[in-house]
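K.L.:
My structure file protein02.csv, CSV, C-alpha atoms and all ligand atoms, is below:
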chain,number,residue,atom,x,y,z
A,1,MET,CA,-0.2,-76.0,102.5
A,2,ASP,CA,-0.5,-73.3,105.2
A,3,LEU,CA,-4.0,-71.9,105.0
A,4,SER,CA,-3.3,-69.5,107.9
A,5,GLU,CA,-1.3,-67.2,105.6
A,6,TYR,CA,-4.4,-65.8,103.8
A,7,SER,CA,-6.1,-62.6,105.0
A,8,PHE,CA,-8.9,-63.1,102.5
A,9,VAL,CA,-10.8,-66.4,102.2
A,10,ILE,CA,-13.6,-66.8,99.7
A,11,VAL,CA,-16.0,-69.8,100.1
A,12,GLY,CA,-17.6,-70.8,96.8
A,13,SER,CA,-16.4,-70.0,93.3
A,14,GLY,CA,-19.7,-69.1,91.7
A,15,LEU,CA,-20.2,-65.5,90.3
A,16,LEU,CA,-20.3,-64.0,93.8
A,17,GLY,CA,-17.0,-65.5,95.0
A,18,SER,CA,-15.2,-65.2,91.6
A,19,VAL,CA,-16.1,-61.5,91.1
A,20,VAL,CA,-15.1,-60.6,94.7
A,21,ALA,CA,-11.8,-62.6,94.2
A,22,GLU,CA,-11.1,-60.7,91.0
A,23,ARG,CA,-11.7,-57.3,92.6
A,24,ILE,CA,-9.6,-58.0,95.7
A,25,THR,CA,-6.6,-59.1,93.7
A,26,SER,CA,-6.8,-56.6,90.8
A,27,GLN,CA,-7.7,-53.5,93.0
A,28,LEU,CA,-6.1,-54.3,96.3
A,29,GLY,CA,-3.2,-56.6,95.2
A,30,GLN,CA,-4.0,-59.0,98.0
A,31,LYS,CA,-3.8,-62.8,97.8
A,32,ILE,CA,-6.8,-64.9,98.1
A,33,LEU,CA,-7.7,-68.4,99.2
A,34,LEU,CA,-10.7,-69.6,97.2
A,35,ILE,CA,-12.3,-72.8,98.7
A,36,GLU,CA,-14.6,-74.8,96.4
A,37,LYS,CA,-16.5,-77.9,97.3
A,38,ARG,CA,-17.0,-79.1,93.8
A,39,ASN,CA,-14.3,-80.3,91.3
A,40,HIS,CA,-14.7,-77.2,89.2
A,41,VAL,CA,-15.1,-73.4,89.6
A,42,GLY,CA,-18.0,-71.4,88.3
A,43,GLY,CA,-20.9,-72.6,90.6
A,44,ASN,CA,-24.1,-73.3,88.8
A,45,CYS,CA,-23.1,-71.2,85.7
A,46,PHE,CA,-20.4,-73.7,84.8
A,47,SER,CA,-20.3,-74.9,81.2
A,48,GLU,CA,-18.6,-78.0,79.7
A,49,VAL,CA,-17.9,-79.3,76.2
A,50,ASP,CA,-19.5,-82.7,75.4
A,51,LYS,CA,-16.7,-85.0,74.2
A,52,GLU,CA,-18.7,-86.9,71.6
A,53,THR,CA,-20.5,-84.0,69.9
A,54,ASN,CA,-18.3,-81.0,70.8
A,55,ILE,CA,-21.4,-79.1,71.9
A,56,GLU,CA,-21.0,-76.8,74.8
A,57,PHE,CA,-23.6,-77.2,77.5
A,58,HIS,CA,-24.5,-75.6,80.8
A,59,LYS,CA,-24.1,-78.3,83.4
A,60,TYR,CA,-26.7,-76.9,85.8
A,61,GLY,CA,-29.3,-75.7,83.3
A,62,THR,CA,-29.5,-73.1,80.5
A,63,HIS,CA,-28.0,-69.8,81.7
A,64,ILE,CA,-28.7,-66.7,79.6
A,65,PHE,CA,-27.0,-63.6,80.6
A,66,HIS,CA,-29.3,-60.5,80.5
A,67,THR,CA,-29.1,-57.1,82.1
A,68,ASP,CA,-30.1,-53.5,81.9
A,69,ASN,CA,-27.3,-52.5,84.4
A,70,GLU,CA,-24.5,-50.7,82.6
A,71,ARG,CA,-22.1,-51.1,85.5
A,72,VAL,CA,-22.5,-54.9,85.5
A,73,TRP,CA,-22.4,-55.1,81.7
A,74,LYS,CA,-19.1,-53.1,81.5
A,75,TYR,CA,-17.6,-55.1,84.3
A,76,ILE,CA,-18.3,-58.6,82.9
A,77,ASN,CA,-17.3,-57.7,79.4
A,78,GLN,CA,-13.7,-57.4,80.6
A,79,PHE,CA,-13.7,-61.2,80.9
A,80,THR,CA,-15.9,-62.4,78.0
A,81,ASN,CA,-17.7,-61.4,74.8
A,82,PHE,CA,-21.3,-62.4,74.5
A,83,ASN,CA,-22.9,-63.8,71.3
A,84,SER,CA,-26.1,-62.6,69.7
A,85,TYR,CA,-28.3,-65.4,71.1
A,86,ARG,CA,-31.8,-64.2,72.1
A,87,HIS,CA,-33.8,-66.4,74.4
A,88,GLN,CA,-37.2,-67.8,73.4
A,89,VAL,CA,-39.0,-70.4,75.3
A,90,LEU,CA,-41.8,-72.8,74.2
A,91,SER,CA,-44.2,-74.8,76.3
A,92,SER,CA,-45.6,-78.2,75.3
A,93,TYR,CA,-49.2,-78.7,76.4
A,94,GLN,CA,-51.4,-81.7,75.3
A,95,ASN,CA,-48.9,-82.3,72.4
A,96,LYS,CA,-49.1,-78.8,71.1
A,97,ILE,CA,-46.4,-76.2,71.2
A,98,TYR,CA,-47.2,-72.7,72.6
A,99,GLN,CA,-45.1,-69.6,73.1
A,100,LEU,CA,-43.9,-68.6,76.5
A,101,PRO,CA,-44.1,-66.1,78.3
A,102,ILE,CA,-47.8,-66.2,77.7
A,103,ASN,CA,-48.5,-63.7,74.9
A,104,LEU,CA,-51.2,-63.0,72.3
A,105,GLU,CA,-50.1,-66.0,70.2
A,106,THR,CA,-50.4,-68.3,73.3
A,107,ILE,CA,-53.9,-67.0,74.1
A,108,ASN,CA,-55.2,-67.1,70.5
A,109,SER,CA,-53.8,-70.5,69.9
A,110,PHE,CA,-55.0,-71.9,73.3
A,111,TYR,CA,-58.6,-70.6,72.8
A,112,ASN,CA,-58.5,-71.0,69.0
A,113,ILE,CA,-59.5,-67.3,68.5
A,114,THR,CA,-57.9,-64.2,66.9
A,115,LEU,CA,-58.0,-61.5,69.5
A,116,LYS,CA,-56.4,-58.1,68.9
A,117,PRO,CA,-54.2,-56.7,71.7
A,118,PHE,CA,-56.8,-54.2,72.8
A,119,GLU,CA,-59.4,-57.0,73.2
A,120,VAL,CA,-57.3,-59.1,75.6
A,121,ASP,CA,-58.3,-57.4,78.9
A,122,ASP,CA,-62.0,-57.7,78.3
A,123,PHE,CA,-61.7,-61.3,77.1
A,124,LEU,CA,-59.7,-62.4,80.2
A,125,ALA,CA,-61.9,-60.3,82.6
A,126,ARG,CA,-64.9,-62.3,81.5
A,127,LEU,CA,-63.1,-65.5,82.6
A,128,LYS,CA,-62.0,-64.3,86.0
A,129,THR,CA,-63.8,-64.3,89.3
A,130,PRO,CA,-63.2,-60.9,90.9
A,131,LEU,CA,-60.9,-61.0,93.9
A,132,GLU,CA,-62.0,-59.4,97.2
A,133,LYS,CA,-58.5,-58.3,98.2
A,134,ALA,CA,-55.2,-57.8,96.4
A,135,PRO,CA,-53.5,-61.1,95.4
A,136,SER,CA,-51.3,-62.3,98.3
A,137,ASN,CA,-49.6,-65.4,96.9
A,138,PHE,CA,-48.3,-66.9,93.6
A,139,GLU,CA,-51.6,-68.6,92.6
A,140,GLU,CA,-53.9,-65.6,93.3
A,141,LYS,CA,-51.4,-63.3,91.5
A,142,ALA,CA,-51.2,-65.6,88.4
A,143,ILE,CA,-55.0,-66.1,88.2
A,144,SER,CA,-55.6,-62.3,88.6
A,145,ILE,CA,-53.4,-61.7,85.5
A,146,ILE,CA,-54.0,-64.7,83.1
A,147,GLY,CA,-57.2,-66.3,84.4
A,148,LYS,CA,-57.8,-69.9,85.6
A,149,ASP,CA,-57.6,-71.8,82.3
A,150,LEU,CA,-54.2,-70.6,81.3
A,151,TYR,CA,-53.0,-70.9,84.9
A,152,GLU,CA,-54.1,-74.5,85.0
A,153,ALA,CA,-52.6,-75.4,81.7
A,154,PHE,CA,-49.2,-73.7,81.8
A,155,ILE,CA,-48.4,-72.7,85.4
A,156,LYS,CA,-50.1,-74.7,88.1
A,157,SER,CA,-48.5,-78.2,87.7
A,158,TYR,CA,-45.3,-76.8,86.3
A,159,THR,CA,-44.9,-74.7,89.5
A,160,GLU,CA,-45.9,-77.7,91.7
A,161,LYS,CA,-43.3,-79.9,89.9
A,162,GLN,CA,-40.7,-77.1,90.1
A,163,TRP,CA,-41.1,-76.1,93.7
A,164,GLN,CA,-42.8,-79.1,95.3
A,165,VAL,CA,-45.1,-76.8,97.3
A,166,ASP,CA,-48.6,-75.6,96.8
A,167,PRO,CA,-48.4,-72.5,94.7
A,168,LYS,CA,-50.6,-70.8,97.3
A,169,GLN,CA,-47.6,-71.0,99.6
A,170,LEU,CA,-45.2,-69.2,97.2
A,171,PRO,CA,-44.9,-65.4,97.1
A,172,ALA,CA,-46.5,-63.5,94.2
A,173,SER,CA,-43.0,-62.1,93.4
A,174,ILE,CA,-42.1,-65.5,91.7
A,175,PHE,CA,-44.9,-65.1,89.2
A,176,ASN,CA,-43.6,-61.5,88.5
A,177,ARG,CA,-40.5,-63.1,87.1
A,178,LEU,CA,-42.6,-64.3,84.2
A,179,PRO,CA,-43.7,-61.6,81.9
A,180,PHE,CA,-47.3,-61.6,80.4
A,181,ARG,CA,-47.7,-59.9,77.0
A,182,LYS,CA,-50.8,-58.8,75.1
A,183,ASN,CA,-48.9,-58.6,71.9
A,184,TYR,CA,-46.9,-61.1,69.8
A,185,HIS,CA,-43.4,-60.4,71.2
A,186,GLU,CA,-41.8,-63.7,72.0
A,187,SER,CA,-38.4,-62.7,73.4
A,188,TYR,CA,-38.1,-64.1,76.9
A,189,TYR,CA,-36.1,-61.0,78.1
A,190,PHE,CA,-36.3,-57.4,77.0
A,191,ASP,CA,-33.0,-56.3,78.7
A,192,LYS,CA,-30.7,-54.1,76.7
A,193,TRP,CA,-27.9,-56.6,76.9
A,194,GLN,CA,-28.3,-60.3,76.4
A,195,GLY,CA,-26.4,-63.4,75.3
A,196,VAL,CA,-24.2,-66.4,76.1
A,197,PRO,CA,-20.4,-66.0,76.6
A,198,THR,CA,-19.0,-66.7,73.1
A,199,ASP,CA,-16.3,-68.9,74.5
A,200,GLY,CA,-18.5,-70.4,77.2
A,201,TYR,CA,-18.9,-69.8,80.9
A,202,ALA,CA,-15.9,-72.0,81.9
A,203,THR,CA,-13.5,-69.7,79.9
A,204,MET,CA,-15.1,-66.6,81.5
A,205,PHE,CA,-14.5,-68.0,85.0
A,206,ASN,CA,-10.9,-69.0,84.2
A,207,LYS,CA,-10.3,-65.4,83.1
A,208,LEU,CA,-11.9,-64.0,86.3
A,209,LEU,CA,-9.7,-66.2,88.4
A,210,SER,CA,-6.5,-66.0,86.3
A,211,ASP,CA,-4.5,-63.9,88.7
A,212,LYS,CA,-1.6,-65.9,90.3
A,213,LYS,CA,-2.5,-64.3,93.6
A,214,ILE,CA,-5.7,-66.5,93.7
A,215,THR,CA,-5.2,-70.0,95.1
A,216,VAL,CA,-8.1,-72.2,94.3
A,217,LEU,CA,-8.7,-75.3,96.5
A,218,LEU,CA,-11.1,-77.6,94.7
A,219,ASN,CA,-12.9,-80.6,96.3
A,220,THR,CA,-12.6,-78.9,99.7
A,221,ASP,CA,-15.3,-78.4,102.3
A,222,PHE,CA,-14.9,-75.1,104.1
A,223,PHE,CA,-16.2,-76.6,107.3
A,224,SER,CA,-13.5,-79.2,107.4
A,225,VAL,CA,-10.6,-76.6,107.1
A,226,ARG,CA,-12.3,-73.7,108.9
A,227,ASN,CA,-10.1,-74.1,112.1
A,228,GLN,CA,-6.9,-73.9,110.0
A,229,LEU,CA,-7.6,-70.4,108.7
A,230,LYS,CA,-6.1,-67.2,110.0
A,231,LYS,CA,-8.1,-66.0,113.1
A,232,ASN,CA,-9.0,-62.5,111.8
A,233,ALA,CA,-9.2,-63.4,108.0
A,234,ILE,CA,-11.9,-61.7,106.1
A,235,ILE,CA,-14.3,-64.4,104.9
A,236,ILE,CA,-16.6,-64.0,102.0
A,237,TYR,CA,-19.0,-66.9,102.2
A,238,SER,CA,-21.4,-67.8,99.4
A,239,GLY,CA,-22.7,-71.1,100.8
A,240,PRO,CA,-26.0,-71.8,102.5
A,241,ILE,CA,-26.4,-69.3,105.4
A,242,ASP,CA,-28.1,-71.8,107.8
A,243,LYS,CA,-25.1,-74.1,107.5
A,244,PHE,CA,-22.7,-71.3,108.4
A,245,PHE,CA,-24.5,-70.9,111.7
A,246,ASP,CA,-24.7,-74.6,112.3
A,247,TYR,CA,-28.5,-74.5,111.8
A,248,ARG,CA,-29.1,-72.8,115.1
A,249,PHE,CA,-32.5,-71.4,114.0
A,250,GLY,CA,-33.5,-74.5,112.1
A,251,LYS,CA,-33.0,-75.6,108.6
A,252,LEU,CA,-34.0,-73.5,105.6
A,253,SER,CA,-35.8,-75.3,102.7
A,254,TRP,CA,-34.1,-75.6,99.4
A,255,ARG,CA,-34.7,-77.3,96.0
A,256,THR,CA,-32.2,-78.8,93.7
A,257,LEU,CA,-32.1,-79.9,90.1
A,258,SER,CA,-30.9,-83.0,88.3
A,259,PHE,CA,-30.2,-83.3,84.6
A,260,HIS,CA,-30.4,-86.5,82.5
A,261,GLN,CA,-28.4,-86.3,79.3
A,262,GLU,CA,-29.2,-88.1,76.1
A,263,THR,CA,-27.3,-88.1,72.8
A,264,ILE,CA,-29.6,-88.3,69.8
A,265,SER,CA,-28.6,-89.0,66.2
A,266,VAL,CA,-30.5,-86.1,64.6
A,267,GLU,CA,-29.1,-82.7,63.7
A,268,ASP,CA,-31.8,-80.8,65.6
A,269,PHE,CA,-34.1,-82.5,68.2
A,270,GLN,CA,-36.6,-79.8,69.3
A,271,GLY,CA,-35.7,-76.7,67.3
A,272,ASN,CA,-35.3,-74.5,70.4
A,273,ALA,CA,-32.9,-74.2,73.4
A,274,VAL,CA,-35.6,-74.8,75.9
A,275,ILE,CA,-39.1,-76.4,75.8
A,276,ASN,CA,-41.1,-76.5,79.1
A,277,TYR,CA,-43.4,-79.4,80.0
A,278,PRO,CA,-46.1,-78.1,82.3
A,279,GLU,CA,-48.2,-81.3,82.5
A,280,LYS,CA,-48.4,-83.2,85.8
A,281,GLU,CA,-48.0,-86.6,84.1
A,282,ILE,CA,-44.5,-85.7,82.7
A,283,PRO,CA,-41.9,-86.0,85.4
A,284,TYR,CA,-39.4,-83.5,84.1
A,285,ILE,CA,-40.0,-79.8,83.8
A,286,ARG,CA,-38.2,-78.9,80.7
A,287,ILE,CA,-35.9,-80.2,78.0
A,288,HIS,CA,-32.7,-78.2,77.1
A,289,GLU,CA,-31.0,-78.5,73.8
A,290,PRO,CA,-27.7,-76.5,74.2
A,291,LYS,CA,-26.8,-76.7,70.5
A,292,HIS,CA,-29.1,-73.7,69.9
A,293,LEU,CA,-27.3,-71.4,72.4
A,294,HIS,CA,-24.4,-70.8,70.0
A,295,PRO,CA,-25.8,-69.9,66.6
A,296,GLU,CA,-22.4,-68.5,65.7
A,297,ARG,CA,-20.6,-71.8,66.0
A,298,ASN,CA,-20.7,-74.2,63.2
A,299,TYR,CA,-21.4,-77.5,64.9
A,300,THR,CA,-20.8,-80.0,62.1
A,301,THR,CA,-22.1,-83.0,63.9
A,302,GLU,CA,-25.2,-84.9,62.8
A,303,LYS,CA,-25.9,-85.5,66.5
A,304,THR,CA,-27.4,-83.3,69.2
A,305,ILE,CA,-27.5,-83.6,73.0
A,306,ILE,CA,-30.5,-82.9,75.2
A,307,PHE,CA,-31.0,-82.6,79.0
A,308,LYS,CA,-34.2,-83.5,80.8
A,309,GLU,CA,-34.5,-81.3,83.9
A,310,TYR,CA,-36.0,-82.7,87.1
A,311,SER,CA,-36.6,-80.5,90.2
A,312,MET,CA,-36.8,-81.8,93.7
A,313,LYS,CA,-36.6,-80.9,97.4
A,314,ASP,CA,-33.1,-80.8,98.8
A,315,ASP,CA,-32.0,-81.7,102.3
A,316,GLY,CA,-29.3,-79.0,102.3
A,317,LYS,CA,-26.5,-81.2,100.7
A,318,ASN,CA,-26.9,-79.8,97.2
A,319,PRO,CA,-29.0,-76.6,97.4
A,320,PHE,CA,-29.7,-74.7,94.2
A,321,TYR,CA,-32.7,-72.4,95.0
A,322,PRO,CA,-34.3,-71.1,98.1
A,323,ILE,CA,-38.0,-72.1,98.6
A,324,LEU,CA,-39.4,-68.7,99.5
A,325,SER,CA,-42.2,-69.3,101.9
A,326,ASP,CA,-43.1,-67.0,104.9
A,327,ASP,CA,-41.8,-69.5,107.3
A,328,ASN,CA,-38.4,-69.8,105.6
A,329,GLN,CA,-38.2,-66.0,105.3
A,330,GLN,CA,-38.7,-65.6,109.0
A,331,LYS,CA,-35.9,-68.1,109.7
A,332,TYR,CA,-33.7,-66.4,107.2
A,333,ASP,CA,-34.2,-63.0,108.9
A,334,LEU,CA,-32.9,-64.5,112.1
A,335,TYR,CA,-29.7,-65.8,110.4
A,336,LYS,CA,-29.3,-62.4,108.6
A,337,LYS,CA,-29.3,-60.6,112.0
A,338,GLU,CA,-26.5,-62.9,113.2
A,339,ALA,CA,-24.6,-62.3,110.0
A,340,ASP,CA,-24.8,-58.5,110.3
A,341,GLN,CA,-23.1,-58.8,113.7
A,342,LEU,CA,-19.9,-60.3,112.2
A,343,LYS,CA,-17.4,-57.7,111.1
A,344,ASN,CA,-15.0,-60.0,109.2
A,345,VAL,CA,-17.6,-62.1,107.5
A,346,PHE,CA,-19.7,-61.3,104.4
A,347,ILE,CA,-22.4,-63.7,103.6
A,348,ALA,CA,-24.0,-63.3,100.1
A,349,GLY,CA,-25.1,-64.9,96.9
A,350,ARG,CA,-28.2,-67.0,96.1
A,351,LEU,CA,-27.5,-69.4,99.0
A,352,GLY,CA,-26.1,-66.8,101.4
A,353,ASP,CA,-28.8,-64.2,100.8
A,354,TYR,CA,-31.5,-66.8,100.4
A,355,LYS,CA,-32.7,-65.0,97.2
A,356,TYR,CA,-33.6,-66.0,93.7
A,357,TYR,CA,-30.9,-64.0,92.0
A,358,ASP,CA,-30.2,-63.8,88.3
A,359,MET,CA,-26.6,-63.7,87.2
A,360,HIS,CA,-26.5,-59.9,86.8
A,361,GLN,CA,-27.9,-59.3,90.3
A,362,THR,CA,-25.2,-61.5,91.8
A,363,ILE,CA,-22.5,-59.6,90.0
A,364,GLU,CA,-23.9,-56.3,91.3
A,365,LYS,CA,-24.1,-57.7,94.8
A,366,ALA,CA,-20.4,-58.8,94.5
A,367,LEU,CA,-19.3,-55.4,93.3
A,368,ASP,CA,-21.2,-53.7,96.1
A,369,ILE,CA,-19.7,-55.9,98.8
A,370,PHE,CA,-16.2,-55.2,97.4
A,371,GLU,CA,-16.7,-51.4,97.2
A,372,THR,CA,-18.6,-50.7,100.3
A,373,GLY,CA,-17.6,-53.6,102.6
A,374,ILE,CA,-14.2,-54.9,101.8
A,375,ALA,CA,-12.2,-52.0,100.2
A,376,PRO,CA,-12.8,-49.6,103.1
A,377,GLN,CA,-11.4,-52.2,105.6
A,378,ILE,CA,-8.1,-52.8,103.8
A,379,GLY,CA,-6.1,-50.5,106.2
A,380,THR,CA,-7.2,-52.7,109.1
A,381,ILE,CA,-5.8,-56.0,107.7
A,382,SER,CA,-2.5,-57.3,108.9
B,401,LIG,N1,-43.4,-71.0,85.4
B,401,LIG,C1,-44.5,-71.8,85.1
B,401,LIG,N2,-44.5,-72.4,83.8
B,401,LIG,C2,-43.5,-72.2,83.0
B,401,LIG,C3,-42.4,-71.3,83.3
B,401,LIG,C4,-42.4,-70.7,84.5
B,401,LIG,O1,-45.4,-72.0,85.9
B,401,LIG,O2,-43.6,-72.8,81.9
B,401,LIG,C5,-43.4,-70.4,86.8
B,401,LIG,C6,-42.6,-71.2,87.8
B,401,LIG,O3,-43.3,-71.1,89.0
B,401,LIG,C7,-41.3,-70.4,87.8
B,401,LIG,C8,-41.7,-69.0,87.6
B,401,LIG,O4,-42.9,-69.1,86.7
B,401,LIG,O5,-40.7,-70.6,89.1
B,401,LIG,C9,-40.7,-68.1,87.1
B,401,LIG,O6,-40.2,-68.6,85.9
B,401,LIG,P1,-38.6,-68.5,85.4
B,401,LIG,O7,-38.5,-68.9,84.0
B,401,LIG,O8,-38.2,-67.2,85.9
B,401,LIG,O9,-37.9,-69.6,86.3
B,401,LIG,P2,-36.4,-70.1,86.3
B,401,LIG,O10,-36.3,-70.9,85.1
B,401,LIG,O11,-35.5,-68.9,86.1
B,401,LIG,O12,-36.2,-70.8,87.5
Using the file provided, produce a representation of the structure as structure tokens.

P.N.:
Amino acid sequence: MDLSEYSFVIVGSGLLGSVVAERITSQLGQKILLIEKRNHVGGNCFSEVDKETNIEFHKYGTHIFHTDNERVWKYINQFTNFNSYRHQVLSSYQNKIYQLPINLETINSFYNITLKPFEVDDFLARLKTPLEKAPSNFEEKAISIIGKDLYEAFIKSYTEKQWQVDPKQLPASIFNRLPFRKNYHESYYFDKWQGVPTDGYATMFNKLLSDKKITVLLNTDFFSVRNQLKKNAIIIYSGPIDKFFDYRFGKLSWRTLSFHQETISVEDFQGNAVINYPEKEIPYIRIHEPKHLHPERNYTTEKTIIFKEYSMKDDGKNPFYPILSDDNQQKYDLYKKEADQLKNVFIAGRLGDYKYYDMHQTIEKALDIFETGIAPQIGTIS
């Protein structure tokens, strides 16, 4: 196959790469070479159907689509419908189940009291040591909001297990991902639009990439075919940014996940899609039970499948999430400066931008790259 005939090359078929591929073919009529290292498209959003139970599961952890962004919502609805699933998370601490995000139910049940919403601030204030300056890291931020007891029960060890760094070295912004509520609302997200693709993520990706002008090369490492590509091809690269530049400013830190599947002969194992395990002694961070993600499907089986999720540091071979320390951020800024010099290359996505994106943010980024970066260049492509 002659790879040099393609003026557009996309590296990685996750949401970033797939959305840009769809835009270029449908709006500009150009053909695309899409290079994917794995044996399937869809990146970490990919879903599969378990052969024995017929239950659809998310291969790289539960992915709930949620957004307040109308442009993104309208765009993605051209390729899938979403079901009515609303995400709720529970946390298992000392053999008792609590609601998460931490809300009034969590506080009352943890302290065995019955506070009213307007009493929460005073109650927590009495438990907190006043800070001399504004919280500057994850731990300080968390304690300033929920106090030390709740932090130590539900957050500290979970975060250590998840990130493998001292929570003092993480930015406060990661804690901001987790809402804190002084009422009994238990929905994980409040976004206007939420759900799981009714026919699964794999079907959604197949639709995004259905145009015959898109050639997908699976099981292919971009770096081993790079020198066969057309010299002035436009490259949209969604892999790790440090690897693109041959680690010239040093390696960025990443973490990865692994999932251990079990098939269990009961109809419902834990009664919820996700239960978190914040205790240090338990090696996994959460248990997923994907059967709960599709309430609209009539799974008839008397069996269920569960996935125990383990989080670990990654040496750059299988990166899932950036580890956002100051040190890494400084290195990333150097790579970003280099990337900005390249006219024909767009580096983006969670691994390319070194950011903790949710799915809707990645789609927005892809639409922006297409509209402001790629479409205006079309006249210059030969
Ligand atoms: N977190 C925690 N305990 C939990 C859930 C989350 O300490 O039970 C912390 C953890 O540091 C995590 C952050 O809150 O990285 C944000 O949580 P979120 O659910 O957004 O993480 P995700 O599952 O999307 O990686």

K.L.:
Which neighbours of Glu267 (chain A) fall inside 12 Å, counting all atoms listed in the file, when residues of the same chain fewer than 5 positions from it are skipped, and could you give them as a PyMOL selection string?

P.N.:
chain A and resi 53+55+289+291-292+298-306

K.L.:
Give as an MDAnalysis selection string the residues surrounding ligand LIG 401 (chain B) up to a distance of 7 Å, considering all atoms listed in the file.

P.N.:
chainID A and resid 91 100 154:156 158:159 162 174:175 177:178 276:278

K.L.:
Identify, on the basis of only C-alpha atoms, every residue whose closest approach to region 246-261 of chain A does not exceed 7 Å; exclude the query and any residue fewer than 4 positions from it along the same chain; express the result as a short mmCIF file (atom, residue, chain, number, x, y, z; two decimals) with C-alpha atoms, in the frame of the given file.

P.N.:
data_model
loop_
_atom_site.label_atom_id
_atom_site.label_comp_id
_atom_site.auth_asym_id
_atom_site.auth_seq_id
_atom_site.Cartn_x
_atom_site.Cartn_y
_atom_site.Cartn_z
CA TRP A 163 -41.10 -76.10 93.70
CA ASP A 242 -28.10 -71.80 107.80
CA ILE A 305 -27.50 -83.60 73.00
CA ILE A 306 -30.50 -82.90 75.20
CA PHE A 307 -31.00 -82.60 79.00
CA LYS A 308 -34.20 -83.50 80.80
CA GLU A 309 -34.50 -81.30 83.90
CA TYR A 310 -36.00 -82.70 87.10
CA SER A 311 -36.60 -80.50 90.20
CA MET A 312 -36.80 -81.80 93.70
CA LYS A 313 -36.60 -80.90 97.40
CA ASP A 314 -33.10 -80.80 98.80
CA GLY A 316 -29.30 -79.00 102.30
CA ASN A 318 -26.90 -79.80 97.20
CA PRO A 319 -29.00 -76.60 97.40
CA PHE A 320 -29.70 -74.70 94.20
CA TYR A 321 -32.70 -72.40 95.00
CA PRO A 322 -34.30 -71.10 98.10
CA ILE A 323 -38.00 -72.10 98.60
CA ASN A 328 -38.40 -69.80 105.60
CA LYS A 331 -35.90 -68.10 109.70
#

K.L.:
Select, from A:Asn108, A:Asn206, A:Asn344, A:Asn77, the residue with the minimum atom-to-atom distance to Ala21 (chain A), counting all atoms listed in the file.

P.N.:
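Residue with the minimum atom-to-atom distance to Ala21 (chain A): A:Asn206.
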
K.L.:
Report as a ChimeraX atom specification all protein, DNA and RNA residues lying within 8 Å of Ile64 (chain A), evaluated on all atoms listed in the file, omitting residues in the same chain fewer than 5 positions from it.

P.N.:
/A:87,194-196

K.L.:
Excluding region 38-40 of chain A and any residue of its chain fewer than 2 positions from it, enumerate the residues within 9 Å of it, using all atoms listed in the file, and give them as a list in words.

P.N.:
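In the requested form, the answer reads Gly12, Ser13, Glu36, Gly42, Gly43, Phe46, Leu218, Asn219, Thr220 and Asp221 of chain A.
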
K.L.:
How far is it from CA of Gln377 (chain A) to CA of Lys212 (chain A), in Å with one decimal?

P.N.:
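Computing the Euclidean distance for CA of Gln377 (chain A) and CA of Lys212 (chain A) yields 22.8 Å.
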
K.L.:
Which of these residues is nearest to Thr106 (chain A), using all atoms listed in the file: A:Ile146, A:Ile76, A:Val19, A:Ile275?

P.N.:
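Of A:Ile146, A:Ile76, A:Val19, A:Ile275, the one nearest Thr106 (chain A), counting all atoms listed in the file, is A:Ile146.
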
K.L.:
One number please: CA of Glu132 (chain A) to CA of Asp166 (chain A), in Å, one decimal.

P.N.:
21.0 Å

K.L.:
Between CA of Ala142 (chain A) and CA of Glu119 (chain A), what is the spacing in Å?

P.N.:
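Taking CA of Glu119 (chain A) and CA of Ala142 (chain A), their separation equals 19.3 Å.
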
K.L.:
Starting from the incomplete input, reconstruct N, CA and C atoms of region 321-329 of chain A and write that as a compact mmCIF listing (two decimals), in the coordinates of the input.

P.N.:
# COMPACT_ATOMS: atom_id res chain seq x y z
N TYR A 321 -31.77 -73.57 94.86
CA TYR A 321 -32.70 -72.40 95.00
C TYR A 321 -33.36 -72.40 96.34
N PRO A 322 -33.54 -71.19 96.91
CA PRO A 322 -34.30 -71.10 98.10
C PRO A 322 -35.81 -71.34 97.85
N ILE A 323 -36.53 -71.95 98.78
CA ILE A 323 -38.00 -72.10 98.60
C ILE A 323 -38.59 -70.95 99.49
N LEU A 324 -39.08 -69.92 98.80
CA LEU A 324 -39.40 -68.70 99.50
C LEU A 324 -40.78 -68.64 100.13
N SER A 325 -40.96 -69.41 101.21
CA SER A 325 -42.20 -69.30 101.90
C SER A 325 -42.06 -68.34 103.10
N ASP A 326 -43.18 -67.93 103.73
CA ASP A 326 -43.10 -67.00 104.90
C ASP A 326 -42.27 -67.56 105.99
N ASP A 327 -42.51 -68.85 106.24
CA ASP A 327 -41.80 -69.50 107.30
C ASP A 327 -40.29 -69.49 107.12
N ASN A 328 -39.85 -69.80 105.89
CA ASN A 328 -38.40 -69.80 105.60
C ASN A 328 -37.87 -68.35 105.69
N GLN A 329 -38.67 -67.40 105.24
CA GLN A 329 -38.20 -66.00 105.30
C GLN A 329 -37.97 -65.55 106.71
